[in-house]
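Shown next, in structure tokens, is the structure this report addresses.
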Amino acid sequence: MASEAEKTFNRFAAFGESSSSGTEMNNKNFSKLCKDCGIMDGKMVTSTDVDIVFSKVKAKNARTITFQQFKEAVKELGQKRFKGKSPDEVLENIYGLMEGKDPATTGATKATTVGAVDRLTDTSKYTGTHKERFDESGKGKGIAGREVMNDNTGYVSGYKGAGTYDKKTK
């Protein structure tokens, strides 16, 4: 059961931290683990309790906790969550809550699809100069769509015989 808890600890420790090896967990990820696994229920164990316990178990000047410190924190939170049970029972219940859990990302970033947004971002309905900024597929042209690009050939823009001078003189 503890090895499954350690796997869950490693998954949450590495969540959102590209440079993390998954062996140490910060307070943000510890709170996320407690919330996602159901350890933090909002009544018996609140986010404040989770923050206080994290501060208790971490080293004085450290920002992260190891798995050993994590086990101490979970024991302490378990005593509040499952009152009246033995410490071994509490630990089993907490590990049971954590078993097989992954960091949840549901609803983190959703694109709004309100009717007005669809209508305003549909490039096929653009008119005038704004229409020039997008190609047929609706992809932006970048700087070519925003600025008048000079061709620097030496000919006036309306001249029909552009590029024929060299042919005439030779």
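A note on labels: chains of the structure tokens are A, B, ... as shown, every chain counts residues from 1, and ligands are counted from 1 in their shown order.
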Counting only C-alpha atoms, which residues of segment 73-124 of chain A fall within 12 Å of segment 16-34 of chain A, and what is the closest atom pair for each with its distance in Å at one decimal, ordered by chain and rising number, as JSON lines?
{"residue": "A:Ala73", "atom": "CA", "partner": "A:Phe30", "partner_atom": "CA", "distance": 9.8}
{"residue": "A:Val74", "atom": "CA", "partner": "A:Cys34", "partner_atom": "CA", "distance": 9.0}
{"residue": "A:Leu77", "atom": "CA", "partner": "A:Cys34", "partner_atom": "CA", "distance": 9.4}
{"residue": "A:Gly78", "atom": "CA", "partner": "A:Cys34", "partner_atom": "CA", "distance": 10.8}
{"residue": "A:Arg81", "atom": "CA", "partner": "A:Cys34", "partner_atom": "CA", "distance": 11.3}
{"residue": "A:Ile94", "atom": "CA", "partner": "A:Cys34", "partner_atom": "CA", "distance": 9.8}
{"residue": "A:Tyr95", "atom": "CA", "partner": "A:Cys34", "partner_atom": "CA", "distance": 11.4}
{"residue": "A:Leu97", "atom": "CA", "partner": "A:Cys34", "partner_atom": "CA", "distance": 9.5}
{"residue": "A:Met98", "atom": "CA", "partner": "A:Leu33", "partner_atom": "CA", "distance": 8.3}
{"residue": "A:Glu99", "atom": "CA", "partner": "A:Leu33", "partner_atom": "CA", "distance": 11.4}
{"residue": "A:Gly100", "atom": "CA", "partner": "A:Leu33", "partner_atom": "CA", "distance": 11.9}
{"residue": "A:Lys101", "atom": "CA", "partner": "A:Leu33", "partner_atom": "CA", "distance": 8.7}
{"residue": "A:Asp102", "atom": "CA", "partner": "A:Leu33", "partner_atom": "CA", "distance": 8.6}
{"residue": "A:Pro103", "atom": "CA", "partner": "A:Leu33", "partner_atom": "CA", "distance": 7.1}
{"residue": "A:Ala104", "atom": "CA", "partner": "A:Lys32", "partner_atom": "CA", "distance": 8.7}
{"residue": "A:Thr105", "atom": "CA", "partner": "A:Gly16", "partner_atom": "CA", "distance": 10.4}
Write out, as a PDB file, in the first residue's frame, the residues just selected, with C-alpha atoms.
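Printed below is out.pdb as written:
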ATOM      1  CA  ALA A  73       2.005  14.906   7.320  1.00  0.00           C
ATOM      2  CA  VAL A  74      -0.497  12.310   6.111  1.00  0.00           C
ATOM      3  CA  LEU A  77      -4.045  14.882   8.663  1.00  0.00           C
ATOM      4  CA  GLY A  78      -5.470  11.378   8.992  1.00  0.00           C
ATOM      5  CA  ARG A  81      -9.978  13.199   9.101  1.00  0.00           C
ATOM      6  CA  ILE A  94      -5.494   7.575   3.728  1.00  0.00           C
ATOM      7  CA  TYR A  95      -3.485   5.286   1.444  1.00  0.00           C
ATOM      8  CA  LEU A  97      -7.954   7.341  -0.736  1.00  0.00           C
ATOM      9  CA  MET A  98      -4.676   7.983  -2.579  1.00  0.00           C
ATOM     10  CA  GLU A  99      -4.542   4.681  -4.458  1.00  0.00           C
ATOM     11  CA  GLY A 100      -4.301   5.088  -8.244  1.00  0.00           C
ATOM     12  CA  LYS A 101      -5.007   8.832  -8.245  1.00  0.00           C
ATOM     13  CA  ASP A 102      -3.500  11.231 -10.786  1.00  0.00           C
ATOM     14  CA  PRO A 103      -3.408  15.034 -10.708  1.00  0.00           C
ATOM     15  CA  ALA A 104      -6.707  16.268 -12.146  1.00  0.00           C
ATOM     16  CA  THR A 105      -6.697  18.955 -14.808  1.00  0.00           C
TER      17      THR A 105
END
**Near-Phe9 of chain A list (8 Å; only C-alpha atoms; drop same-chain fewer than 2 positions) as a PyMOL selection string** = chain A and resi 5-7+11-13+22+25+33+67
**Prompt:** chain A: which residues are strand (DSSP E or B) by DSSP, as a PyMOL selection string?
**Reply:** chain A and resi 25-26+64-65+134+140
Write out the residues from the selection above, keeping N, CA, C and O atoms, as a tab-separated table (two decimals), in the first residue's frame.
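Below is the file part.tsv, written as the result:
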chain	number	residue	atom	x	y	z
A	25	MET	N	8.09	17.43	-2.92
A	25	MET	CA	6.81	18.07	-3.24
A	25	MET	C	6.72	19.43	-2.56
A	25	MET	O	7.09	19.58	-1.40
A	26	ASN	N	6.21	20.43	-3.31
A	26	ASN	CA	6.01	21.75	-2.72
A	26	ASN	C	4.61	21.84	-2.12
A	26	ASN	O	3.79	20.94	-2.25
A	64	THR	N	10.15	22.42	0.25
A	64	THR	CA	9.60	21.15	-0.21
A	64	THR	C	9.70	20.09	0.89
A	64	THR	O	10.44	20.26	1.86
A	65	ILE	N	8.94	18.99	0.70
A	65	ILE	CA	9.01	17.86	1.63
A	65	ILE	C	9.34	16.59	0.85
A	65	ILE	O	9.03	16.47	-0.33
A	134	PHE	N	-5.81	37.93	-43.41
A	134	PHE	CA	-5.96	36.47	-43.30
A	134	PHE	C	-6.02	35.84	-44.67
A	134	PHE	O	-6.51	36.43	-45.62
A	140	GLY	N	-3.74	33.72	-40.04
A	140	GLY	CA	-3.19	35.07	-40.17
A	140	GLY	C	-1.95	35.10	-41.03
A	140	GLY	O	-1.16	34.16	-41.06
**Item:** For atom CA of Asp88 of chain A and atom CA of Arg63 of chain A, the interatomic separation in Å (one decimal)
**Value:** 28.2 Å
**Neighbour list for Lys75 of chain A as a PyMOL selection string, cut-off 8 Å, only C-alpha atoms, skip fewer than 3 positions in-chain** = chain A and resi 71-72+78-79+87+90-91
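All residues of protein, DNA or RNA that reach within 10 Å of Asp49 of chain A, judged by only C-alpha atoms and not counting those fewer than 5 positions away in the chain, are Ser31, Met40, Gly42, Met44, Phe54, Ser55, Glu76, Leu77 and Lys80 of chain A.
Within the 8 Å cut-off around Gly138 of chain A, using only C-alpha atoms and omitting residues fewer than 3 positions from it on the same chain, the listed residues are A:Asp122, A:Thr123, A:Ser124, A:Phe134, A:Asp135.
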Keeping only N, CA and C atoms, take the residues you just selected and write them out as an mmCIF file, in the first residue's frame.
data_model
loop_
_atom_site.group_PDB
_atom_site.id
_atom_site.type_symbol
_atom_site.label_atom_id
_atom_site.label_comp_id
_atom_site.auth_asym_id
_atom_site.auth_seq_id
_atom_site.Cartn_x
_atom_site.Cartn_y
_atom_site.Cartn_z
ATOM 1 N N ASP A 122 -14.756 34.599 -36.506
ATOM 2 C CA ASP A 122 -14.875 33.934 -37.798
ATOM 3 C C ASP A 122 -14.282 34.842 -38.874
ATOM 4 N N THR A 123 -13.084 34.505 -39.380
ATOM 5 C CA THR A 123 -12.361 35.379 -40.319
ATOM 6 C C THR A 123 -13.035 35.457 -41.685
ATOM 7 N N SER A 124 -13.932 34.529 -42.015
ATOM 8 C CA SER A 124 -14.597 34.580 -43.315
ATOM 9 C C SER A 124 -15.603 35.729 -43.387
ATOM 10 N N PHE A 134 -5.815 37.927 -43.415
ATOM 11 C CA PHE A 134 -5.965 36.475 -43.297
ATOM 12 C C PHE A 134 -6.016 35.838 -44.669
ATOM 13 N N ASP A 135 -5.503 34.602 -44.774
ATOM 14 C CA ASP A 135 -5.608 33.888 -46.059
ATOM 15 C C ASP A 135 -6.959 33.169 -46.129
#
